[in-house]
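start-v3.txt, holding compact mmCIF, C-alpha atoms (C1' of nucleotides):
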# COMPACT_ATOMS: atom_id res chain seq x y z
CA MET A 1098 6.95 195.69 -8.42
CA LEU A 1099 9.35 193.01 -9.51
CA GLU A 1100 9.01 190.50 -12.33
CA PHE A 1101 11.47 187.86 -13.41
CA GLU A 1102 11.47 186.43 -16.88
CA LEU A 1103 13.57 183.37 -17.60
CA LEU A 1104 14.59 183.87 -21.21
CA LYS A 1105 16.73 180.81 -21.71
CA GLU A 1106 18.31 177.82 -20.03
CA SER A 1107 21.57 176.76 -21.58
CA GLY A 1108 21.47 172.98 -21.43
CA GLU A 1109 24.76 172.91 -23.34
CA THR A 1110 26.71 169.75 -22.71
CA SER A 1111 30.36 168.86 -22.62
CA ASP A 1112 32.20 165.66 -21.77
CA THR A 1113 31.98 166.44 -18.09
CA ASN A 1114 28.80 168.36 -17.45
CA THR A 1115 25.55 169.87 -18.62
CA SER A 1116 25.42 173.59 -18.13
CA ARG A 1117 22.54 174.97 -16.13
CA ALA A 1118 23.41 178.56 -17.08
CA ARG A 1119 20.37 180.80 -17.40
CA LEU A 1120 19.57 183.98 -19.26
CA GLY A 1121 16.89 186.23 -17.81
CA GLN A 1122 15.71 189.66 -16.90
CA VAL A 1123 14.32 191.27 -13.80
CA LYS A 1124 11.89 194.15 -14.18
CA THR A 1125 11.85 196.69 -11.37
CA ASP A 1126 10.28 200.10 -10.85
CA HIS A 1127 13.53 201.70 -11.95
CA GLY A 1128 14.13 199.61 -15.04
CA THR A 1129 15.02 196.13 -16.18
CA ILE A 1130 18.25 194.34 -15.44
CA GLN A 1131 19.71 191.55 -17.55
CA THR A 1132 20.84 188.37 -15.79
CA PRO A 1133 23.29 186.84 -15.04
CA ILE A 1134 24.34 190.09 -13.48
CA PHE A 1135 27.02 191.48 -11.22
CA MET A 1136 25.95 194.26 -8.86
CA PRO A 1137 28.61 196.73 -7.67
CA VAL A 1138 28.48 197.40 -3.96
CA GLY A 1139 27.77 200.95 -2.80
CA THR A 1140 27.45 200.40 0.91
CA VAL A 1141 26.76 203.91 2.15
CA GLY A 1142 25.08 205.10 -1.02
CA SER A 1143 28.30 205.42 -2.96
CA VAL A 1144 30.30 202.97 -5.00
CA LYS A 1145 33.55 204.10 -3.47
CA ALA A 1146 35.73 206.43 -5.52
CA ILE A 1147 33.53 206.70 -8.63
CA SER A 1148 30.62 208.75 -9.92
CA LYS A 1149 27.33 207.93 -11.57
CA GLU A 1150 28.89 208.65 -14.98
CA ASP A 1151 31.72 206.26 -14.18
CA LEU A 1152 29.19 203.58 -13.22
CA ASP A 1153 27.34 204.12 -16.49
CA HIS A 1154 30.59 203.81 -18.40
CA CYS A 1155 31.35 200.56 -16.59
CA GLY A 1156 27.96 199.21 -17.61
CA ALA A 1157 26.39 199.04 -14.15
CA GLN A 1158 22.70 198.19 -14.35
CA ILE A 1159 22.03 198.05 -10.62
CA ILE A 1160 23.98 198.89 -7.48
CA LEU A 1161 23.73 197.86 -3.86
CA GLY A 1162 23.14 199.89 -0.74
CA ASN A 1163 23.31 198.68 2.83
CA THR A 1164 20.50 199.05 5.33
CA TYR A 1165 22.76 198.84 8.36
CA HIS A 1166 25.11 201.57 7.18
CA LEU A 1167 22.46 203.91 5.79
CA TYR A 1168 20.30 203.55 8.89
CA LEU A 1169 23.23 204.63 11.06
CA ARG A 1170 24.35 207.39 8.73
CA PRO A 1171 22.82 209.59 7.41
CA GLY A 1172 19.79 207.90 8.96
CA THR A 1173 16.48 206.66 7.61
CA GLU A 1174 14.78 209.95 8.42
CA VAL A 1175 17.22 211.98 6.35
CA ILE A 1176 16.92 209.73 3.31
CA GLY A 1177 13.13 209.55 3.66
CA HIS A 1178 12.96 213.32 3.88
CA LEU A 1179 15.07 213.67 0.74
CA GLY A 1180 12.78 211.47 -1.31
CA GLY A 1181 14.37 208.06 -0.86
CA LEU A 1182 17.70 206.53 -1.76
CA HIS A 1183 17.44 206.98 -5.53
CA ASP A 1184 16.90 210.73 -5.32
CA PHE A 1185 19.38 211.09 -2.49
CA VAL A 1186 22.28 209.45 -4.32
CA ALA A 1187 21.17 210.56 -7.79
CA TRP A 1188 20.95 207.07 -9.24
CA ASP A 1189 17.79 206.42 -11.21
CA LYS A 1190 18.47 202.79 -12.06
CA PRO A 1191 17.59 199.84 -9.86
CA MET A 1192 19.03 199.50 -6.38
CA LEU A 1193 19.19 196.48 -4.13
CA THR A 1194 19.57 196.89 -0.40
CA ASP A 1195 21.11 194.32 1.87
CA SER A 1196 19.27 193.90 5.15
CA GLY A 1197 22.14 194.35 7.55
CA GLY A 1198 22.26 190.67 8.46
CA PHE A 1199 25.77 190.32 7.13
CA GLN A 1200 27.01 193.28 9.16
CA PHE A 1201 25.89 191.57 12.34
CA PHE A 1202 28.11 188.70 11.27
CA SER A 1203 31.10 190.77 10.25
CA LEU A 1204 30.69 193.03 13.31
CA ALA A 1205 29.80 190.10 15.58
CA LYS A 1206 31.43 191.59 18.65
CA LEU A 1207 28.91 194.39 18.57
CA ALA A 1208 25.76 192.29 18.00
CA LYS A 1209 23.57 190.08 20.15
CA PHE A 1210 20.94 187.85 18.59
CA THR A 1211 17.60 187.20 20.24
CA ASP A 1212 14.41 185.67 18.89
CA GLU A 1213 13.04 189.18 18.48
CA GLY A 1214 15.95 190.50 16.45
CA VAL A 1215 19.45 191.86 16.88
CA ASN A 1216 20.74 194.23 19.51
CA PHE A 1217 23.85 195.96 18.28
CA GLN A 1218 26.19 198.82 18.87
CA SER A 1219 27.06 201.28 16.16
CA HIS A 1220 30.58 200.81 14.81
CA ILE A 1221 30.63 204.59 14.36
CA ASP A 1222 29.87 205.90 17.83
CA GLY A 1223 29.02 202.88 19.96
CA SER A 1224 25.38 203.88 20.38
CA ARG A 1225 22.90 201.04 20.93
CA HIS A 1226 20.30 200.01 18.37
CA PHE A 1227 17.88 197.21 17.58
CA PHE A 1228 16.90 195.61 14.28
CA SER A 1229 13.91 193.30 13.99
CA PRO A 1230 12.93 191.51 10.78
CA GLU A 1231 10.07 193.99 10.61
CA SER A 1232 12.19 197.11 11.11
CA ALA A 1233 14.75 195.88 8.58
CA VAL A 1234 11.96 195.68 5.99
CA GLU A 1235 10.46 198.97 7.07
CA ILE A 1236 13.76 200.81 6.68
CA GLN A 1237 14.26 199.34 3.23
CA MET A 1238 10.77 200.48 2.26
CA VAL A 1239 11.61 204.02 3.37
CA LEU A 1240 14.82 203.83 1.35
CA GLY A 1241 12.72 202.89 -1.67
CA SER A 1242 14.79 199.85 -2.52
CA ASP A 1243 13.91 197.99 -5.72
CA ILE A 1244 15.05 194.66 -4.30
CA MET A 1245 14.95 194.25 -0.54
CA MET A 1246 16.56 191.49 1.48
CA SER A 1247 15.10 189.74 4.51
CA LEU A 1248 16.98 190.01 7.78
CA ASP A 1249 19.00 186.83 8.17
CA TRP A 1250 21.60 185.31 10.44
CA CYS A 1251 24.83 184.55 8.66
CA LEU A 1252 27.48 182.31 10.22
CA GLY A 1253 31.16 182.07 9.46
CA HIS A 1254 33.10 178.91 8.71
CA PRO A 1255 33.51 176.63 10.46
CA ALA A 1256 30.22 176.40 12.36
CA ASN A 1257 28.84 173.25 13.94
CA GLU A 1258 25.49 171.70 13.10
CA LYS A 1259 23.77 172.98 16.20
CA GLN A 1260 24.83 176.57 15.60
CA THR A 1261 23.91 176.29 11.94
CA MET A 1262 20.48 174.90 12.77
CA GLU A 1263 19.85 177.71 15.22
CA ALA A 1264 20.81 180.36 12.67
CA LEU A 1265 18.72 178.66 10.00
CA THR A 1266 15.62 178.47 12.20
CA LYS A 1267 15.93 182.09 13.20
CA THR A 1268 16.48 183.10 9.57
CA THR A 1269 13.31 181.29 8.52
CA ASN A 1270 11.24 182.79 11.33
CA TRP A 1271 12.56 186.22 10.56
CA ALA A 1272 11.90 185.74 6.85
CA ARG A 1273 8.27 184.85 7.59
CA ARG A 1274 7.87 187.80 9.94
CA GLY A 1275 9.50 190.20 7.50
CA TYR A 1276 7.31 188.88 4.70
CA ASP A 1277 4.10 189.22 6.72
CA PHE A 1278 5.03 192.73 7.78
CA TRP A 1279 5.84 193.67 4.21
CA LYS A 1280 2.51 192.29 2.93
CA GLU A 1281 0.69 194.18 5.64
CA LYS A 1282 2.43 197.40 4.62
CA GLY A 1283 1.52 196.90 0.98
CA GLY A 1284 4.95 195.72 -0.19
CA GLN A 1285 5.38 195.56 -3.95
CA ASN A 1286 6.54 192.00 -4.47
CA ASN A 1287 10.21 192.86 -4.14
CA LEU A 1288 11.44 191.18 -0.96
CA PHE A 1289 13.92 188.29 -1.30
CA GLY A 1290 14.38 185.43 1.14
CA ILE A 1291 17.86 184.22 2.08
CA ILE A 1292 18.77 180.52 2.30
CA GLN A 1293 21.13 179.60 5.11
CA GLY A 1294 22.27 176.18 6.30
CA GLY A 1295 26.02 176.58 6.33
CA MET A 1296 28.04 173.69 4.95
CA PHE A 1297 25.40 171.03 5.77
CA LYS A 1298 23.49 169.82 2.74
CA HIS A 1299 20.50 168.58 4.69
CA LEU A 1300 20.24 171.96 6.38
CA ARG A 1301 20.46 173.73 3.03
CA THR A 1302 17.62 171.48 1.90
CA LEU A 1303 15.61 172.32 4.99
CA SER A 1304 16.22 176.04 4.65
CA ALA A 1305 15.26 175.98 0.96
CA GLN A 1306 12.08 174.04 1.73
CA GLN A 1307 11.02 176.39 4.49
CA LEU A 1308 11.76 179.55 2.56
CA THR A 1309 10.30 178.50 -0.79
CA GLU A 1310 7.02 177.89 1.02
CA ILE A 1311 6.88 181.65 1.38
CA ASP A 1312 6.00 183.41 -1.85
CA PHE A 1313 9.15 185.47 -2.20
CA PRO A 1314 9.75 186.79 -5.73
CA GLY A 1315 13.40 185.76 -5.52
CA PHE A 1316 15.86 183.85 -3.38
CA ALA A 1317 19.38 184.43 -2.23
CA ILE A 1318 21.92 181.94 -1.00
CA GLY A 1319 23.66 183.41 1.99
CA GLY A 1320 26.41 182.12 4.23
CA LEU A 1321 28.85 181.25 1.45
CA SER A 1322 32.35 182.67 1.00
CA VAL A 1323 32.65 183.10 4.72
CA GLY A 1324 36.04 181.44 5.04
CA GLU A 1325 35.47 177.97 3.58
CA PRO A 1326 37.64 176.55 0.78
CA THR A 1327 36.49 177.45 -2.73
CA GLU A 1328 35.73 173.82 -3.60
CA LEU A 1329 33.37 173.56 -0.64
CA MET A 1330 31.67 176.81 -1.63
CA TYR A 1331 31.12 175.37 -5.12
CA GLU A 1332 29.83 172.13 -3.69
CA MET A 1333 27.29 173.89 -1.49
CA ALA A 1334 26.16 176.25 -4.26
CA ASP A 1335 25.88 173.42 -6.76
CA TYR A 1336 23.78 171.51 -4.27
CA THR A 1337 21.55 174.41 -3.22
CA LEU A 1338 20.81 176.16 -6.52
CA PRO A 1339 18.62 173.35 -7.94
CA LEU A 1340 16.52 173.48 -4.78
CA LEU A 1341 15.27 176.91 -5.79
CA PRO A 1342 12.32 177.56 -8.13
CA LYS A 1343 13.32 177.95 -11.77
CA ASN A 1344 10.96 180.82 -12.41
CA LYS A 1345 12.53 183.09 -9.81
CA PRO A 1346 15.92 184.85 -9.69
CA ARG A 1347 18.71 183.25 -7.69
CA TYR A 1348 21.26 185.43 -6.01
CA ILE A 1349 24.46 184.27 -4.34
CA MET A 1350 25.44 186.91 -1.87
CA GLY A 1351 28.95 188.24 -1.53
CA VAL A 1352 30.59 186.24 -4.30
CA GLY A 1353 33.12 186.42 -5.81
CA THR A 1354 36.19 186.19 -8.02
CA PRO A 1355 35.81 186.20 -11.82
CA GLU A 1356 36.33 182.42 -11.74
CA ASN A 1357 33.62 182.09 -9.08
CA LEU A 1358 31.17 183.99 -11.28
CA VAL A 1359 31.82 181.82 -14.33
CA GLU A 1360 31.43 178.63 -12.29
CA LEU A 1361 28.31 179.75 -10.45
CA VAL A 1362 26.61 180.99 -13.61
CA ASP A 1363 27.27 177.54 -14.99
CA MET A 1364 25.45 176.12 -11.97
CA GLY A 1365 22.42 178.32 -12.59
CA CYS A 1366 22.96 181.44 -10.53
CA ASP A 1367 21.57 184.75 -11.80
CA MET A 1368 22.79 187.49 -9.50
CA PHE A 1369 26.02 188.34 -7.70
CA ASP A 1370 27.50 191.08 -5.63
CA CYS A 1371 30.95 191.40 -4.18
CA VAL A 1372 33.22 194.09 -2.81
CA MET A 1373 36.20 192.44 -4.43
CA PRO A 1374 36.52 194.50 -7.63
CA SER A 1375 36.04 197.82 -5.85
CA ARG A 1376 37.95 197.10 -2.65
CA ASN A 1377 40.85 195.40 -4.37
CA ALA A 1378 41.06 198.27 -6.84
CA ARG A 1379 41.70 200.59 -3.93
CA ASN A 1380 44.36 198.19 -2.66
CA GLY A 1381 46.18 197.91 -5.97
CA GLN A 1382 44.96 194.56 -7.26
CA LEU A 1383 43.57 194.73 -10.77
CA PHE A 1384 41.69 192.10 -12.76
CA THR A 1385 42.66 191.25 -16.30
CA SER A 1386 41.75 188.62 -18.85
CA ARG A 1387 45.03 186.90 -17.95
CA GLY A 1388 44.50 186.97 -14.19
CA THR A 1389 45.14 189.51 -11.46
CA ILE A 1390 48.07 191.88 -11.20
CA ASN A 1391 49.34 194.02 -8.36
CA ILE A 1392 49.80 197.39 -10.01
CA TYR A 1393 52.35 198.47 -7.39
CA ASN A 1394 54.84 195.78 -8.46
CA ALA A 1395 58.26 197.06 -9.48
CA LYS A 1396 58.05 195.29 -12.83
CA PHE A 1397 55.52 197.91 -14.00
CA ARG A 1398 57.81 200.87 -13.35
CA LEU A 1399 58.56 201.47 -17.03
CA ASP A 1400 55.57 199.63 -18.51
CA LYS A 1401 53.83 201.73 -21.16
CA ASP A 1402 51.04 199.22 -21.80
CA PRO A 1403 47.51 199.50 -20.42
CA ILE A 1404 46.39 197.20 -17.61
CA ASP A 1405 44.78 194.86 -20.15
CA GLU A 1406 45.33 195.28 -23.90
CA THR A 1407 41.90 193.83 -24.60
CA CYS A 1408 40.02 196.14 -22.22
CA HIS A 1409 37.95 199.08 -23.48
CA CYS A 1410 37.55 200.87 -20.16
CA TYR A 1411 38.37 204.55 -19.68
CA THR A 1412 41.46 203.69 -17.67
CA CYS A 1413 42.90 201.28 -20.23
CA GLN A 1414 42.12 203.65 -23.09
CA ASN A 1415 44.10 206.46 -21.49
CA TYR A 1416 46.68 205.37 -18.95
CA SER A 1417 49.77 203.18 -18.73
CA ARG A 1418 50.61 200.65 -16.04
CA ALA A 1419 53.65 202.77 -15.18
CA TYR A 1420 51.48 205.81 -14.52
CA LEU A 1421 48.91 203.81 -12.54
CA ARG A 1422 51.74 202.33 -10.46
CA HIS A 1423 53.05 205.82 -9.80
CA LEU A 1424 49.58 207.09 -8.82
CA TYR A 1425 49.08 204.16 -6.49
CA LYS A 1426 52.44 204.43 -4.81
CA SER A 1427 52.02 208.17 -4.44
CA ARG A 1428 48.64 207.61 -2.79
CA GLU A 1429 47.07 209.89 -5.35
CA LEU A 1430 43.27 209.98 -5.18
CA LEU A 1431 43.05 209.45 -8.92
CA ALA A 1432 44.48 205.96 -8.43
CA TYR A 1433 41.37 204.88 -6.54
CA ARG A 1434 39.05 206.13 -9.23
CA LEU A 1435 40.96 204.79 -12.23
CA ASN A 1436 41.56 201.40 -10.62
CA THR A 1437 37.94 201.08 -9.54
CA ILE A 1438 36.68 202.00 -13.01
CA HIS A 1439 38.88 199.32 -14.52
CA ASN A 1440 37.94 196.55 -12.11
CA LEU A 1441 34.21 197.21 -12.30
CA TYR A 1442 34.38 197.50 -16.07
CA TYR A 1443 36.16 194.15 -16.15
CA TYR A 1444 33.53 192.47 -13.98
CA LEU A 1445 30.54 193.96 -15.79
CA ASP A 1446 32.05 193.29 -19.19
CA LEU A 1447 32.68 189.70 -18.13
CA MET A 1448 29.00 189.35 -17.25
CA ALA A 1449 27.94 190.91 -20.56
CA LYS A 1450 30.12 188.41 -22.40
CA ILE A 1451 28.64 185.59 -20.36
CA ARG A 1452 25.11 186.68 -21.23
CA HIS A 1453 26.02 186.92 -24.89
CA ALA A 1454 27.59 183.48 -24.83
CA ILE A 1455 24.54 181.89 -23.20
CA LYS A 1456 22.32 183.56 -25.76
CA GLU A 1457 24.44 182.19 -28.61
CA ASP A 1458 24.71 178.70 -27.09
CA GLN A 1459 28.42 179.32 -26.66
CA PHE A 1460 28.70 179.39 -22.88
CA LEU A 1461 30.84 176.28 -22.45
CA GLU A 1462 33.07 177.44 -25.25
CA PHE A 1463 33.32 180.83 -23.58
CA LYS A 1464 34.20 179.22 -20.29
CA LYS A 1465 36.96 177.17 -21.89
CA GLU A 1466 38.41 180.27 -23.53
CA PHE A 1467 38.11 182.22 -20.28
CA TYR A 1468 40.34 179.72 -18.51
CA SER A 1469 42.75 179.25 -21.41
CA LYS A 1470 43.70 182.95 -21.30
CA ARG A 1471 44.62 182.83 -17.65
CA ILE A 1472 48.28 182.55 -16.81
CA SER A 1473 47.98 181.45 -13.23
C1' G B 11 91.27 229.08 17.82
C1' U B 12 88.50 227.16 22.52
C1' G B 13 84.60 224.31 24.50
C1' G B 14 80.24 221.23 23.83
C1' G B 15 77.01 217.99 20.92
C1' U B 16 76.08 214.40 17.07
C1' G B 17 77.90 210.35 13.70
C1' U B 18 73.90 203.11 13.88
C1' A B 19 69.65 200.47 7.37
C1' G B 20 68.11 204.66 1.52
C1' C B 21 65.63 208.49 5.39
C1' U B 22 64.33 209.85 10.68
C1' C B 23 66.04 207.75 14.91
C1' A B 24 66.07 203.86 19.37
C1' G B 25 69.88 200.69 21.43
C1' U B 26 69.27 199.20 29.15
C1' U B 27 74.83 197.40 33.48
C1' G B 28 79.71 195.72 27.98
C1' G B 29 76.47 189.84 26.19
C1' C B 30 73.11 187.35 18.97
C1' A B 31 72.21 195.25 15.87
C1' G B 32 66.43 197.31 16.27
C1' A B 33 61.80 200.49 15.09
C1' G B 34 58.97 203.67 11.90
C1' C B 35 59.08 205.28 7.00
C1' A B 36 60.96 203.77 2.27
C1' C B 37 61.83 199.46 -0.79
C1' U B 38 59.87 194.52 -1.95
C1' A B 39 56.30 190.41 -2.29
C1' G B 40 51.62 188.34 -0.98
C1' G B 41 46.52 188.78 0.80
C1' U B 42 41.50 190.86 0.46
C1' U B 43 34.53 187.33 -1.48
C1' G B 44 26.14 190.27 1.18
C1' U B 45 32.85 197.04 2.33
C1' G B 46 34.39 199.04 10.26
C1' G B 47 39.73 198.46 4.70
C1' U B 48 44.65 204.89 2.17
C1' C B 49 43.97 198.27 5.11
C1' C B 50 46.36 193.45 6.69
C1' U B 51 50.62 189.83 6.63
C1' G B 52 55.49 188.67 5.37
C1' G B 53 60.53 189.84 3.34
C1' U B 54 65.33 192.58 1.86
C1' U B 55 68.82 196.20 3.45
C1' G B 56 74.26 197.50 8.16
C1' U B 57 82.62 197.86 7.47
C1' C B 58 77.46 200.86 14.19
C1' G B 59 82.21 207.60 10.61
C1' C B 60 87.56 205.81 10.53
C1' G B 61 92.15 203.77 13.15
C1' G B 62 94.10 201.86 17.52
C1' G B 63 93.51 200.07 22.72
C1' U B 64 91.15 197.59 27.19
C1' U B 65 88.15 193.00 27.66
C1' C B 66 86.49 186.09 27.21
C1' G B 67 83.33 189.59 24.63
C1' A B 68 82.80 196.67 22.45
C1' C B 69 77.44 200.35 18.97
C1' C B 70 78.50 200.95 24.38
C1' C B 71 84.64 202.02 28.03
C1' C B 72 89.78 204.51 26.78
C1' C B 73 93.19 207.09 23.11
C1' G B 74 93.69 209.23 18.41
C1' U B 75 91.46 210.99 14.00
C1' C B 76 87.72 212.78 10.36
C1' A B 77 82.93 214.93 9.21
C1' C B 78 78.75 217.71 10.55
C1' U B 79 76.79 221.04 14.07
C1' C B 80 76.12 224.60 18.22
C1' A B 81 78.20 228.20 21.55
C1' C B 82 82.06 231.44 22.65
C1' C B 83 86.49 234.07 20.96
Could you show the structure in this file as C-alpha cells?
Amino acid sequence: MLEFELLKESGETSDTNTSRARLGQVKTDHGTIQTPIFMPVGTVGSVKAISKEDLDHCGAQIILGNTYHLYLRPGTEVIGHLGGLHDFVAWDKPMLTDSGGFQFFSLAKLAKFTDEGVNFQSHIDGSRHFFSPESAVEIQMVLGSDIMMSLDWCLGHPANEKQTMEALTKTTNWARRGYDFWKEKGGQNNLFGIIQGGMFKHLRTLSAQQLTEIDFPGFAIGGLSVGEPTELMYEMADYTLPLLPKNKPRYIMGVGTPENLVELVDMGCDMFDCVMPSRNARNGQLFTSRGTINIYNAKFRLDKDPIDETCHCYTCQNYSRAYLRHLYKSRELLAYRLNTIHNLYYYLDLMAKIRHAIKEDQFLEFKKEFYSKRIS
RNA sequence: GUGGGUGUAGCUCAGUUGGCAGAGCACUAGGUUGUGGUCCUGGUUGUCGCGGGUUCGACCCCCGUCACUCACC
C-alpha cells in the first residue's frame, strides 16, 4: 500500500521565479519517507561498500534495488524463497525497485525490443532471457518492492522524433499492460508509471497525458540525463513536471548532481536516485559544501583537515584528507567505505536541509546560500 | 684473473635493416547522472652508463672505459 500526502507547496517568490518546491511524505508498508528525497542506489541488493548501519548513519530512508540485476543473480526464486528482498538484504525500511528498462538502454547491444517485451542476453554469462511488462511487475512483486516501476523504453541523446515516438508508444502500452497485470494479481497500489518523450515537448505532453490516464499512485520522468546538456535536461524537466498530478509523487530517475537536485526540487520534483554519490566515492570524487574535490590530488598529501569542515558524517568526524588520499591511492578497501559514507551523508543531509528550508519558507534563501558557498 | 651477459623514464623492460626514443606501472590532472565501473580519458618525466670513432645520420656498428651480474679458475 502506498499513500502520498502533499504537506506543503512552497510558492516562495524571488525576482526571477516562483518556487514550486513541495514538501510531502510517502507511506509504504515498510514505513514513511519524507520528500523531497534522495534514494541511494543498491543495484544488486547492496549499496556498494557500506552496511545497513552506515546507511542509517547517512540518514537513508529508502534504497533502490534493480530488477534486472536481481533477476539474473541471485535469481527471483532465491529471493522469493528467502522471504523477499527486505529479509534477504536485512533492510526493513522502504525499497524501490527499478524495472530493468534502463539496463536495456545501457546494455543496448544485448537487448532487442519487440512489442511483446525485451529479449536480452545476460551481461554475466551471455544466457538469453525475456522480460515482458507483466514479468517485470511479477518479479518486483516477488521481491516485495515497496515502490515498483513499470517496464519502459529509455532512449539516449540524441534520438530523433520517430525513434522517440516509438519508444514512447511502447512505454505507454507496456505501462498499461503492467498495470492491468498488477491489478489482476492484487497489486497494492504501489506501481509507478514512467514518462518518456525524449527532448520533444509535445511528446512529453503526449506521454504524460497517456500515462496519467492510468491510475498510477506516482509518476517518474525517465529518459533524462542520458547525455544531453544540463540546460536541456532542466528545460525538459521544468516543462514535464507541471503535467503531472499534484497529489501524486514525482520522481526524476537517475538524477543527479547536488545542483541538479536543488534545481529540480525548485521545479516541483519529489524523488531522486543517482549512482553519482556512491560511484564517484569509489572513484575518489567527494562532494562538499564548496563543490567537489578529487581526494587523490597531490595538494591533500599533508592536509590534516576533514573533507568538509561543516560535515558531521563519520568520515569527517574521524579522518583527515591526507589519510583518505593515502587510503585511496593505496587501493585500501576502507577508502571505498569511508568515501561512500561521506558522499551519501552529504546528499541525504542536503535533502534534509532542503526539506527543512521548504518547511520554514526559506527554500529560495537556502538555494542562494547553497550556490554562494560553491567555489567553482 | 679468464670468458660471457646486462646497462634506455622513478621502477620493470621493449626498441625492427643505422632514419623524429617507446610501453606498462608509478606520478599528475580531468571525467563519471534509473551502477556491466578498483573504471575511463589526457598529461609530465630521458646526458639511451661514460669517452672516443665510423657515418649525411648512432640506443643500434667499431675501439676504449666504468658499474652490475653469471660461469670458470
Please report as CSV every residue of chain B lying within 12 Å of chain A, along with the nearest atom pair and their distance in Å (one decimal), using all atoms listed in the file.
residue,atom,partner,partner_atom,distance
B:A36,C1',A:Lys1426,CA,11.1
B:C37,C1',A:Ala1395,CA,9.7
B:U38,C1',A:Ala1395,CA,8.1
B:A39,C1',A:Asn1394,CA,8.3
B:G40,C1',A:Asn1391,CA,9.6
B:G41,C1',A:Gln1382,CA,10.0
B:U42,C1',A:Asn1377,CA,6.7
B:U43,C1',A:Gly1353,CA,4.6
B:G44,C1',A:Gly1351,CA,4.4
B:U45,C1',A:Val1372,CA,5.9
B:G46,C1',A:His1220,CA,6.2
B:G47,C1',A:Arg1376,CA,7.7
B:U48,C1',A:Arg1428,CA,6.9
B:C49,C1',A:Asn1380,CA,7.8
B:C50,C1',A:Asn1380,CA,10.7
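Put simply, atom CA of Ile1404 of chain A is 25.4 Å away from atom CA of Ile1159 of chain A.
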Which polymer residues have any atom within 8 Å of an atom of Thr1268 of chain A, counting only C-alpha atoms (C1' of nucleotides), with same-chain residues fewer than 5 positions away left out, as a PDB file with C-alpha atoms, in the coordinates of the input?
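Now in around-v4.pdb:
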ATOM      1  CA  LEU A1248      16.980 190.010   7.780  1.00  0.00           C
ATOM      2  CA  ASP A1249      19.000 186.830   8.170  1.00  0.00           C
ATOM      3  CA  TRP A1250      21.600 185.310  10.440  1.00  0.00           C
ATOM      4  CA  ILE A1291      17.860 184.220   2.080  1.00  0.00           C
ATOM      5  CA  GLN A1293      21.130 179.600   5.110  1.00  0.00           C
TER       6      GLN A1293
END
Checklist entry - Restricting the calculation to all atoms listed in the file, which member of A:Gln1218, A:Thr1389, A:Thr1125, A:Gln1260 is positioned closest to Asn1286 of chain A? => result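 Closest to Asn1286 of chain A, using all atoms listed in the file: A:Thr1125.
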Checklist entry - Using all atoms listed in the file, what residues lie at most 12 Å away from (39.0, 183.8, -11.1) (file coordinates), given as a PyMOL selection string? => result (chain A and resi 1327+1352-1361+1373-1374+1383-1389+1443-1444+1447+1464+1467-1473) or (chain B and resi 43)
Prev. selection, C-alpha atoms (C1' of nucleotides), output as a short mmCIF file (atom, residue, chain, number, x, y, z; two decimals), in the frame of the given file:
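This is the output file again05.cif:
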data_model
loop_
_atom_site.label_atom_id
_atom_site.label_comp_id
_atom_site.auth_asym_id
_atom_site.auth_seq_id
_atom_site.Cartn_x
_atom_site.Cartn_y
_atom_site.Cartn_z
CA THR A 1327 36.49 177.45 -2.73
CA VAL A 1352 30.59 186.24 -4.30
CA GLY A 1353 33.12 186.42 -5.81
CA THR A 1354 36.19 186.19 -8.02
CA PRO A 1355 35.81 186.20 -11.82
CA GLU A 1356 36.33 182.42 -11.74
CA ASN A 1357 33.62 182.09 -9.08
CA LEU A 1358 31.17 183.99 -11.28
CA VAL A 1359 31.82 181.82 -14.33
CA GLU A 1360 31.43 178.63 -12.29
CA LEU A 1361 28.31 179.75 -10.45
CA MET A 1373 36.20 192.44 -4.43
CA PRO A 1374 36.52 194.50 -7.63
CA LEU A 1383 43.57 194.73 -10.77
CA PHE A 1384 41.69 192.10 -12.76
CA THR A 1385 42.66 191.25 -16.30
CA SER A 1386 41.75 188.62 -18.85
CA ARG A 1387 45.03 186.90 -17.95
CA GLY A 1388 44.50 186.97 -14.19
CA THR A 1389 45.14 189.51 -11.46
CA TYR A 1443 36.16 194.15 -16.15
CA TYR A 1444 33.53 192.47 -13.98
CA LEU A 1447 32.68 189.70 -18.13
CA LYS A 1464 34.20 179.22 -20.29
CA PHE A 1467 38.11 182.22 -20.28
CA TYR A 1468 40.34 179.72 -18.51
CA SER A 1469 42.75 179.25 -21.41
CA LYS A 1470 43.70 182.95 -21.30
CA ARG A 1471 44.62 182.83 -17.65
CA ILE A 1472 48.28 182.55 -16.81
CA SER A 1473 47.98 181.45 -13.23
"C1'" U B 43 34.53 187.33 -1.48
#
Checklist entry - With all atoms listed in the file as the atoms that count, which of A:Leu1340, A:Leu1288, A:Ala1334, A:Leu1240 lies nearest to Ala1305 of chain A? => result A:Leu1340
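For the atom pair formed by atom CA of Ala1208 of chain A and atom CA of Leu1167 of chain A, the distance is 17.2 Å, given to one decimal.
The two atoms in question, atom C1' of C72 of chain B and atom C1' of G32 of chain B, are spaced 26.6 Å apart.
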Next on the checklist: Excluding segment 27-29 of chain B and its own-chain neighbours fewer than 6 positions away, which residues fall within 10 Å of it when counting only C-alpha atoms (C1' of nucleotides)? Please give them as number ranges by chain.
Outcome noted: B: 65, 67-68, 70-71
Could the residues in this selection be written to a file with C-alpha atoms (C1' of nucleotides), as a compact mmCIF listing (two decimals), in the frame of the given file?
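Dumped to again_19.txt:
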# COMPACT_ATOMS: atom_id res chain seq x y z
C1' U B 65 88.15 193.00 27.66
C1' G B 67 83.33 189.59 24.63
C1' A B 68 82.80 196.67 22.45
C1' C B 70 78.50 200.95 24.38
C1' C B 71 84.64 202.02 28.03
Next on the checklist: Taking 6 positions as the minimum chain separation for residues in the same chain, which residues sit within 12 Å of Asp1222 of chain A when counting only C-alpha atoms (C1' of nucleotides)? Answer as a ChimeraX atom specification.
Outcome noted: /A:1169-1170,1207 /B:46
Item to check | Residues near C76 of chain B, cut-off 12 Å, all atoms listed in the file, skip fewer than 4 positions along chain, as a ChimeraX atom specification | outcome: /B:17,59-61
Based on the selection just made, write C-alpha atoms (C1' of nucleotides) of those residues as a compact mmCIF listing (two decimals), in the frame of the given file.
# COMPACT_ATOMS: atom_id res chain seq x y z
C1' G B 17 77.90 210.35 13.70
C1' G B 59 82.21 207.60 10.61
C1' C B 60 87.56 205.81 10.53
C1' G B 61 92.15 203.77 13.15
